[in-house]
file start.pdb (PDB, C-alpha atoms and all ligand atoms)
ATOM      1  CA  MET A   1     -18.318   9.081 -11.917
ATOM      2  CA  ALA A   2     -19.986   8.514  -8.541
ATOM      3  CA  GLY A   3     -20.228  11.445  -6.174
ATOM      4  CA  GLY A   4     -18.763  13.820  -8.695
ATOM      5  CA  ALA A   5     -15.287  12.463  -8.034
ATOM      6  CA  GLY A   6     -12.928  12.819 -10.977
ATOM      7  CA  ALA A   7     -11.239   9.960 -12.737
ATOM      8  CA  GLY A   8      -8.231   8.743 -10.801
ATOM      9  CA  GLY A   9      -4.881  10.075 -11.812
ATOM     10  CA  GLU A  10      -5.899  13.020 -13.974
ATOM     11  CA  GLU A  11      -3.727  15.313 -11.880
ATOM     12  CA  LEU A  12      -0.579  13.203 -11.926
ATOM     13  CA  ARG A  13       2.514  15.085 -13.096
ATOM     14  CA  PRO A  14       6.313  14.833 -13.080
ATOM     15  CA  GLY A  15       7.612  14.748  -9.502
ATOM     16  CA  ASP A  16       4.799  12.410  -8.460
ATOM     17  CA  GLY A  17       5.001   8.732  -7.559
ATOM     18  CA  LEU A  18       2.368   6.041  -7.047
ATOM     19  CA  LEU A  19       2.768   3.577  -4.165
ATOM     20  CA  ILE A  20       0.557   0.486  -3.938
ATOM     21  CA  VAL A  21       0.730  -1.197  -0.537
ATOM     22  CA  ASP A  22       0.333  -4.957  -0.041
ATOM     23  CA  VAL A  23      -2.448  -5.813  -2.498
ATOM     24  CA  GLN A  24      -1.860  -9.534  -1.959
ATOM     25  CA  ARG A  25      -4.112 -12.587  -2.021
ATOM     26  CA  ASP A  26      -3.890 -13.129   1.741
ATOM     27  CA  PHE A  27      -5.326  -9.645   2.387
ATOM     28  CA  CYS A  28      -8.293 -10.255   0.078
ATOM     29  CA  PRO A  29     -11.425 -12.335   0.700
ATOM     30  CA  GLY A  30     -10.478 -16.013   0.881
ATOM     31  CA  GLY A  31      -6.971 -15.198   2.112
ATOM     32  CA  ALA A  32      -5.330 -15.865   5.460
ATOM     33  CA  LEU A  33      -5.859 -12.339   6.820
ATOM     34  CA  PRO A  34      -8.667 -10.965   4.692
ATOM     35  CA  VAL A  35      -9.578  -7.307   4.627
ATOM     36  CA  PRO A  36     -13.332  -6.964   3.974
ATOM     37  CA  GLU A  37     -13.773  -6.097   0.270
ATOM     38  CA  GLY A  38      -9.996  -5.917  -0.006
ATOM     39  CA  ASP A  39     -10.183  -6.928  -3.655
ATOM     40  CA  GLY A  40     -12.353  -3.857  -4.280
ATOM     41  CA  VAL A  41      -9.194  -1.761  -4.476
ATOM     42  CA  VAL A  42      -7.937  -3.580  -7.565
ATOM     43  CA  PRO A  43     -10.021  -1.904 -10.313
ATOM     44  CA  VAL A  44      -9.458   1.497  -8.700
ATOM     45  CA  LEU A  45      -5.705   1.047  -8.466
ATOM     46  CA  ASN A  46      -5.549  -0.345 -12.002
ATOM     47  CA  ARG A  47      -6.939   2.988 -13.204
ATOM     48  CA  TRP A  48      -4.284   4.841 -11.212
ATOM     49  CA  VAL A  49      -1.566   2.585 -12.607
ATOM     50  CA  ARG A  50      -2.684   3.389 -16.153
ATOM     51  CA  ALA A  51      -2.767   7.087 -15.313
ATOM     52  CA  ALA A  52       0.725   6.858 -13.827
ATOM     53  CA  GLN A  53       1.979   5.199 -16.999
ATOM     54  CA  ARG A  54       0.395   7.931 -19.135
ATOM     55  CA  ALA A  55       1.993  10.583 -16.949
ATOM     56  CA  GLY A  56       5.321   8.777 -17.010
ATOM     57  CA  ILE A  57       5.672   8.693 -13.230
ATOM     58  CA  PRO A  58       7.258   5.847 -11.254
ATOM     59  CA  ILE A  59       5.182   3.116  -9.618
ATOM     60  CA  TYR A  60       6.223   1.329  -6.417
ATOM     61  CA  VAL A  61       4.532  -1.847  -5.194
ATOM     62  CA  SER A  62       5.138  -3.161  -1.699
ATOM     63  CA  ARG A  63       4.642  -6.701  -0.479
ATOM     64  CA  ASP A  64       4.430  -8.274   2.922
ATOM     65  CA  TRP A  65       6.918 -11.141   2.568
ATOM     66  CA  HIS A  66       7.181 -13.056   5.793
ATOM     67  CA  PRO A  67       9.430 -15.983   6.620
ATOM     68  CA  HIS A  68       7.951 -18.901   8.487
ATOM     69  CA  ARG A  69       7.841 -18.155  12.250
ATOM     70  CA  HIS A  70       7.765 -14.411  11.671
ATOM     71  CA  PRO A  71       7.369 -12.472  14.957
ATOM     72  CA  SER A  72       4.058 -10.947  13.803
ATOM     73  CA  PHE A  73       2.461 -14.401  13.725
ATOM     74  CA  GLU A  74       0.324 -15.938  16.441
ATOM     75  CA  GLY A  75       2.483 -18.696  17.870
ATOM     76  CA  SER A  76       5.574 -16.512  17.532
ATOM     77  CA  GLY A  77       4.336 -13.825  19.895
ATOM     78  CA  GLY A  78       2.515 -11.672  17.360
ATOM     79  CA  PRO A  79      -1.103 -10.612  16.845
ATOM     80  CA  TRP A  80      -1.830 -11.998  13.354
ATOM     81  CA  PRO A  81      -2.527 -15.396  11.867
ATOM     82  CA  PRO A  82       0.316 -16.499   9.598
ATOM     83  CA  HIS A  83      -0.018 -14.638   6.287
ATOM     84  CA  CYS A  84       1.970 -13.659   3.186
ATOM     85  CA  ILE A  85       4.529 -16.403   3.733
ATOM     86  CA  GLN A  86       7.415 -16.130   1.307
ATOM     87  CA  GLY A  87       6.770 -18.101  -1.870
ATOM     88  CA  SER A  88       3.220 -19.112  -0.919
ATOM     89  CA  PRO A  89       0.180 -18.393  -3.128
ATOM     90  CA  GLY A  90      -1.159 -16.069  -0.417
ATOM     91  CA  ALA A  91       1.883 -13.829  -0.722
ATOM     92  CA  GLU A  92       1.263 -13.253  -4.433
ATOM     93  CA  LEU A  93      -0.040  -9.918  -5.588
ATOM     94  CA  HIS A  94      -3.735 -10.002  -6.495
ATOM     95  CA  PRO A  95      -3.874 -11.645  -9.933
ATOM     96  CA  ASP A  96      -6.101  -8.907 -11.370
ATOM     97  CA  LEU A  97      -3.676  -6.126 -10.477
ATOM     98  CA  GLU A  98      -2.336  -4.939 -13.839
ATOM     99  CA  LEU A  99       1.237  -3.813 -13.406
ATOM    100  CA  PRO A 100       3.764  -2.853 -16.060
ATOM    101  CA  PRO A 101       7.014  -4.828 -15.912
ATOM    102  CA  ASP A 102       9.083  -1.878 -14.729
ATOM    103  CA  VAL A 103       7.325  -1.235 -11.399
ATOM    104  CA  VAL A 104       9.663  -1.171  -8.419
ATOM    105  CA  HIS A 105       8.917  -3.941  -5.931
ATOM    106  CA  VAL A 106       9.445  -3.179  -2.252
ATOM    107  CA  VAL A 107       9.723  -6.112   0.124
ATOM    108  CA  LYS A 108       8.937  -5.790   3.831
ATOM    109  CA  GLY A 109       8.197  -8.001   6.778
ATOM    110  CA  VAL A 110      11.337 -10.063   6.320
ATOM    111  CA  ARG A 111      12.977  -9.403   9.687
ATOM    112  CA  PHE A 112      13.095 -11.883  12.539
ATOM    113  CA  ASP A 113      13.335  -9.275  15.293
ATOM    114  CA  ARG A 114      10.226  -7.177  14.564
ATOM    115  CA  ASP A 115       7.448  -6.490  12.088
ATOM    116  CA  GLN A 116       7.648  -3.798   9.395
ATOM    117  CA  LEU A 117       4.165  -2.430   8.825
ATOM    118  CA  SER A 118       5.389   0.524   6.801
ATOM    119  CA  ALA A 119       6.837   0.173   3.305
ATOM    120  CA  PHE A 120       9.431   2.726   4.480
ATOM    121  CA  ASP A 121      10.535   0.811   7.560
ATOM    122  CA  GLY A 122      14.057  -0.415   6.990
ATOM    123  CA  THR A 123      13.561  -0.751   3.208
ATOM    124  CA  GLY A 124      15.415   2.305   1.953
ATOM    125  CA  LEU A 125      12.329   3.402   0.015
ATOM    126  CA  ALA A 126      12.719   7.024   1.123
ATOM    127  CA  SER A 127      16.194   7.078  -0.433
ATOM    128  CA  LEU A 128      14.878   5.669  -3.690
ATOM    129  CA  LEU A 129      12.071   8.235  -3.852
ATOM    130  CA  ALA A 130      14.592  11.004  -3.288
ATOM    131  CA  ARG A 131      16.775   9.592  -6.058
ATOM    132  CA  ASP A 132      13.719   9.442  -8.337
ATOM    133  CA  ALA A 133      12.942  13.097  -7.471
ATOM    134  CA  VAL A 134       9.498  12.149  -6.169
ATOM    135  CA  ARG A 135       8.058  14.920  -4.013
ATOM    136  CA  ARG A 136       4.374  14.055  -4.109
ATOM    137  CA  LEU A 137       3.321  10.485  -3.338
ATOM    138  CA  TRP A 138      -0.082   8.945  -4.050
ATOM    139  CA  VAL A 139      -0.833   5.914  -1.885
ATOM    140  CA  GLY A 140      -3.428   3.141  -1.969
ATOM    141  CA  GLY A 141      -3.607  -0.498  -0.914
ATOM    142  CA  LEU A 142      -4.207  -2.675   2.141
ATOM    143  CA  ALA A 143      -5.018  -2.387   4.920
ATOM    144  CA  LEU A 144      -5.978   1.214   5.575
ATOM    145  CA  ASP A 145      -5.815   0.878   9.361
ATOM    146  CA  VAL A 146      -2.525  -1.055   9.511
ATOM    147  CA  CYS A 147       0.113  -0.993   6.781
ATOM    148  CA  VAL A 148      -1.305   1.878   4.722
ATOM    149  CA  ARG A 149      -1.589   3.972   7.861
ATOM    150  CA  ALA A 150       2.004   3.264   8.877
ATOM    151  CA  THR A 151       3.292   3.804   5.344
ATOM    152  CA  VAL A 152       1.491   7.090   4.827
ATOM    153  CA  LEU A 153       2.690   8.511   8.137
ATOM    154  CA  ASP A 154       6.281   7.480   7.373
ATOM    155  CA  ALA A 155       5.988   9.090   3.935
ATOM    156  CA  LEU A 156       4.998  12.334   5.609
ATOM    157  CA  GLY A 157       7.926  11.950   7.987
ATOM    158  CA  ALA A 158      10.186  11.606   4.960
ATOM    159  CA  GLY A 159       9.070  15.068   3.869
ATOM    160  CA  LEU A 160       6.776  13.978   1.047
ATOM    161  CA  ASP A 161       3.509  15.606   0.068
ATOM    162  CA  VAL A 162       1.237  12.601   0.635
ATOM    163  CA  HIS A 163      -2.136  11.957  -0.972
ATOM    164  CA  LEU A 164      -4.246   8.976   0.066
ATOM    165  CA  ILE A 165      -6.415   7.419  -2.656
ATOM    166  CA  VAL A 166      -9.302   6.647  -0.349
ATOM    167  CA  ALA A 167     -11.271   4.605  -2.918
ATOM    168  CA  GLY A 168      -8.152   2.502  -3.391
ATOM    169  CA  THR A 169      -7.878   1.316   0.203
ATOM    170  CA  ARG A 170      -9.976  -0.677   2.714
ATOM    171  CA  PRO A 171      -9.713  -1.115   6.489
ATOM    172  CA  ILE A 172      -9.828  -4.306   8.517
ATOM    173  CA  THR A 173     -12.474  -2.634  10.716
ATOM    174  CA  ASP A 174     -14.518   0.441   9.885
ATOM    175  CA  ALA A 175     -13.829   2.019  13.272
ATOM    176  CA  ASP A 176     -10.074   1.657  12.884
ATOM    177  CA  GLY A 177     -10.344   2.877   9.313
ATOM    178  CA  ARG A 178     -12.101   6.061  10.441
ATOM    179  CA  GLU A 179      -9.503   6.568  13.139
ATOM    180  CA  ALA A 180      -6.688   6.108  10.609
ATOM    181  CA  LEU A 181      -8.232   8.657   8.246
ATOM    182  CA  GLY A 182      -8.561  11.148  11.102
ATOM    183  CA  ILE A 183      -4.949  10.702  12.181
ATOM    184  CA  MET A 184      -3.705  10.998   8.610
ATOM    185  CA  ALA A 185      -5.722  14.134   7.889
ATOM    186  CA  GLU A 186      -4.583  15.709  11.133
ATOM    187  CA  ALA A 187      -0.963  14.914  10.264
ATOM    188  CA  GLY A 188      -1.302  16.635   6.892
ATOM    189  CA  VAL A 189      -2.182  13.856   4.452
ATOM    190  CA  ARG A 190      -4.572  14.860   1.676
ATOM    191  CA  ILE A 191      -7.516  12.476   1.571
ATOM    192  CA  GLU A 192      -8.354  12.233  -2.138
ATOM    193  CA  GLU A 193     -11.813  11.190  -3.293
ATOM    194  CA  GLN A 194     -11.040  10.535  -6.962
ATOM    195  CA  GLU A 195     -11.686   6.978  -8.026
TER     196      GLU A 195
HETATM  197 ZN    ZN B   1       2.303  -9.007   7.813
END
call {"tool": "encode", "arguments": {"input": "start.pdb", "output": "structure tokens", "more": "lines below"}}
Ligand SMILES: [Zn+2]
result
Amino acid sequence: MAGGAGAGGEELRPGDGLLIVDVQRDFCPGGALPVPEGDGVVPVLNRWVRAAQRAGIPIYVSRDWHPHRHPSFEGSGGPWPPHCIQGSPGAELHPDLELPPDVVHVVKGVRFDRDQLSAFDGTGLASLLARDAVRRLWVGGLALDVCVRATVLDALGAGLDVHLIVAGTRPITDADGREALGIMAEAGVRIEEQE
């Protein structure tokens, strides 16, 4: 394993949860809002999914799921090109992501009054994690400097012990990615090197 990093997920145990953020076609190369090498997270996260299944811990998968004319879109006052439009091919999860049928899907970005970058924002996910007795949350997905950043910081705010799977995420820009990692580490997120 490169750099001496252990295989992903070896340390998973009861009380853990795995959260995969927005690994959708539009955030991968060829999509409407591509994250450079965004599809590179897929094989890494597939290993973590298998490890989570072996450990018997719950898996949560969020999706950006925007209506037409969403306020985050250029043309509706937002900063982004239209992306992850409900029911479109771009909103689909990456086809190579291997998920068991019982993962919990979390839908965000559906509001007309504001964007929801975080998988915790207005979704009730914190309540579900509490009900599932998850205390330690492992997070990967896209994009590191936008929705993963917001999600991870909200997870901390919800009182969770948060571990970022750094090999399982990519930033839109390297500079913003470095900044996000610094802010997360400072806030108390563990930056995990296992692949
Ligand atoms: Zn979005």
call {"tool": "residues_near_ligand", "arguments": {"input": "start.pdb", "ligand": "ligand ZN 1 (chain B)", "cutoff": "9 Å", "atoms": "all atoms listed in the file", "output": "list in words"}}
result
Leu33, Arg63, Asp64, Trp65, His66, His70, Ser72, Phe73, Trp80, Pro81, Pro82, His83, Cys84, Ile85, Lys108, Gly109, Asp115, Gln116, Leu117 and Cys147 of chain A
call {"tool": "resolve_selection", "arguments": {"input": "start.pdb", "expression": "the PyMOL selection byres (((chain A and resi 22) around 7) and not hetatm)", "output": "MDAnalysis selection string"}}
result
chainID A and resid 20:21 23:24 62:64 141:142
call {"tool": "write_last_selection", "arguments": {"input": "start.pdb", "atoms": "C-alpha atoms", "output": "compact mmCIF listing (two decimals), keeping the file's coordinate frame"}}
result
# COMPACT_ATOMS: atom_id res chain seq x y z
CA ILE A 20 0.56 0.49 -3.94
CA VAL A 21 0.73 -1.20 -0.54
CA VAL A 23 -2.45 -5.81 -2.50
CA GLN A 24 -1.86 -9.53 -1.96
CA SER A 62 5.14 -3.16 -1.70
CA ARG A 63 4.64 -6.70 -0.48
CA ASP A 64 4.43 -8.27 2.92
CA GLY A 141 -3.61 -0.50 -0.91
CA LEU A 142 -4.21 -2.68 2.14
call {"tool": "resolve_selection", "arguments": {"input": "start.pdb", "expression": "the PyMOL selection byres (((chain A and resi 140) around 10) and not hetatm)", "output": "list in words"}}
result
Leu18, Leu19, Ile20, Val21, Asp22, Val23, Val41, Val42, Val44, Leu45, Trp48, Val61, Trp138, Val139, Gly141, Leu142, Ala143, Leu144, Val148, Thr151, Val152, His163, Leu164, Ile165, Val166, Ala167, Gly168, Thr169 and Arg170 of chain A
call {"tool": "resolve_selection", "arguments": {"input": "start.pdb", "expression": "the PyMOL selection byres (((chain A and resi 11) around 12) and not hetatm)", "output": "count of residues only"}}
result
22
call {"tool": "residues_around", "arguments": {"input": "start.pdb", "residues": "stretch 125-129 of chain A", "least_positions_apart": "6", "cutoff": "10 Å", "atoms": "only C-alpha atoms", "output": "VMD selection string"}}
result
chain A and resid 15 to 17 58 60 62 104 106 to 107 119 135 to 137 154 to 155 157 to 160
call {"tool": "closest_residue", "arguments": {"input": "start.pdb", "among": "A:Glu37, A:Glu98, A:Glu195, A:Asp145", "to": "A:Pro171", "atoms": "all atoms listed in the file"}}
result
A:Asp145
call {"tool": "atom_distance", "arguments": {"input": "start.pdb", "atom1": "atom CA of A:Gly90", "atom2": "atom CA of A:Asp39"}}
result
13.2 Å
call {"tool": "residues_around", "arguments": {"input": "start.pdb", "residues": "A:Ala187", "least_positions_apart": "2", "cutoff": "12 Å", "atoms": "only C-alpha atoms", "output": "JSON, numbers by chain"}}
result
{"A": [149, 152, 153, 154, 155, 156, 157, 159, 161, 162, 163, 180, 181, 182, 183, 184, 185, 189, 190, 191]}
call {"tool": "closest_residue", "arguments": {"input": "start.pdb", "among": "A:Pro95, A:Gly40, A:Pro101, A:Gly78", "to": "A:Arg25", "atoms": "all atoms listed in the file"}}
result
A:Pro95
call {"tool": "atom_distance", "arguments": {"input": "start.pdb", "atom1": "atom CA of A:Asp102", "atom2": "atom CA of A:Val49"}}
result
11.7 Å
call {"tool": "atom_distance", "arguments": {"input": "start.pdb", "atom1": "atom CA of A:Arg69", "atom2": "atom CA of A:Pro36"}}
result
25.3 Å
call {"tool": "closest_residue", "arguments": {"input": "start.pdb", "among": "A:Pro100, A:Gly188, A:Pro89, A:Gly177", "to": "A:Phe27", "atoms": "all atoms listed in the file"}}
result
A:Pro89
call {"tool": "build_atoms", "arguments": {"input": "start.pdb", "residues": "stretch 123-139 of chain A", "atoms": "N, CA, C and O atoms", "output": "compact mmCIF listing (two decimals), in the coordinates of the input"}}
result
# COMPACT_ATOMS: atom_id res chain seq x y z
N THR A 123 13.48 -0.30 4.60
CA THR A 123 13.56 -0.75 3.21
C THR A 123 14.41 0.15 2.33
O THR A 123 14.75 -0.24 1.20
N GLY A 124 14.69 1.37 2.80
CA GLY A 124 15.42 2.31 1.95
C GLY A 124 14.53 3.00 0.93
O GLY A 124 15.04 3.71 0.05
N LEU A 125 13.23 2.82 1.02
CA LEU A 125 12.33 3.40 0.02
C LEU A 125 12.44 4.92 -0.03
O LEU A 125 12.38 5.51 -1.12
N ALA A 126 12.62 5.55 1.13
CA ALA A 126 12.72 7.02 1.12
C ALA A 126 13.92 7.48 0.28
O ALA A 126 13.83 8.47 -0.44
N SER A 127 15.01 6.73 0.37
CA SER A 127 16.19 7.08 -0.43
C SER A 127 15.91 6.94 -1.92
O SER A 127 16.33 7.77 -2.73
N LEU A 128 15.19 5.88 -2.28
CA LEU A 128 14.88 5.67 -3.69
C LEU A 128 13.97 6.79 -4.21
O LEU A 128 14.18 7.30 -5.31
N LEU A 129 12.98 7.17 -3.42
CA LEU A 129 12.07 8.24 -3.85
C LEU A 129 12.84 9.54 -4.03
O LEU A 129 12.58 10.30 -4.98
N ALA A 130 13.78 9.79 -3.15
CA ALA A 130 14.59 11.00 -3.29
C ALA A 130 15.40 10.94 -4.57
O ALA A 130 15.51 11.92 -5.33
N ARG A 131 15.97 9.76 -4.84
CA ARG A 131 16.77 9.59 -6.06
C ARG A 131 15.91 9.76 -7.30
O ARG A 131 16.36 10.27 -8.33
N ASP A 132 14.65 9.32 -7.21
CA ASP A 132 13.72 9.44 -8.34
C ASP A 132 13.07 10.83 -8.41
O ASP A 132 12.20 11.05 -9.26
N ALA A 133 13.48 11.73 -7.50
CA ALA A 133 12.94 13.10 -7.47
C ALA A 133 11.43 13.13 -7.27
O ALA A 133 10.73 13.99 -7.79
N VAL A 134 10.93 12.16 -6.51
CA VAL A 134 9.50 12.15 -6.17
C VAL A 134 9.29 13.05 -4.96
O VAL A 134 9.95 12.90 -3.93
N ARG A 135 8.39 14.02 -5.12
CA ARG A 135 8.06 14.92 -4.01
C ARG A 135 6.63 14.73 -3.54
O ARG A 135 6.30 15.02 -2.41
N ARG A 136 5.78 14.25 -4.45
CA ARG A 136 4.37 14.06 -4.11
C ARG A 136 4.04 12.59 -4.33
O ARG A 136 4.23 12.07 -5.43
N LEU A 137 3.55 11.93 -3.27
CA LEU A 137 3.32 10.48 -3.34
C LEU A 137 1.84 10.17 -3.15
O LEU A 137 1.22 10.62 -2.18
N TRP A 138 1.31 9.39 -4.09
CA TRP A 138 -0.08 8.94 -4.05
C TRP A 138 -0.08 7.51 -3.56
O TRP A 138 0.65 6.68 -4.10
N VAL A 139 -0.91 7.22 -2.53
CA VAL A 139 -0.83 5.91 -1.88
C VAL A 139 -2.21 5.26 -1.84
O VAL A 139 -3.21 5.90 -1.49
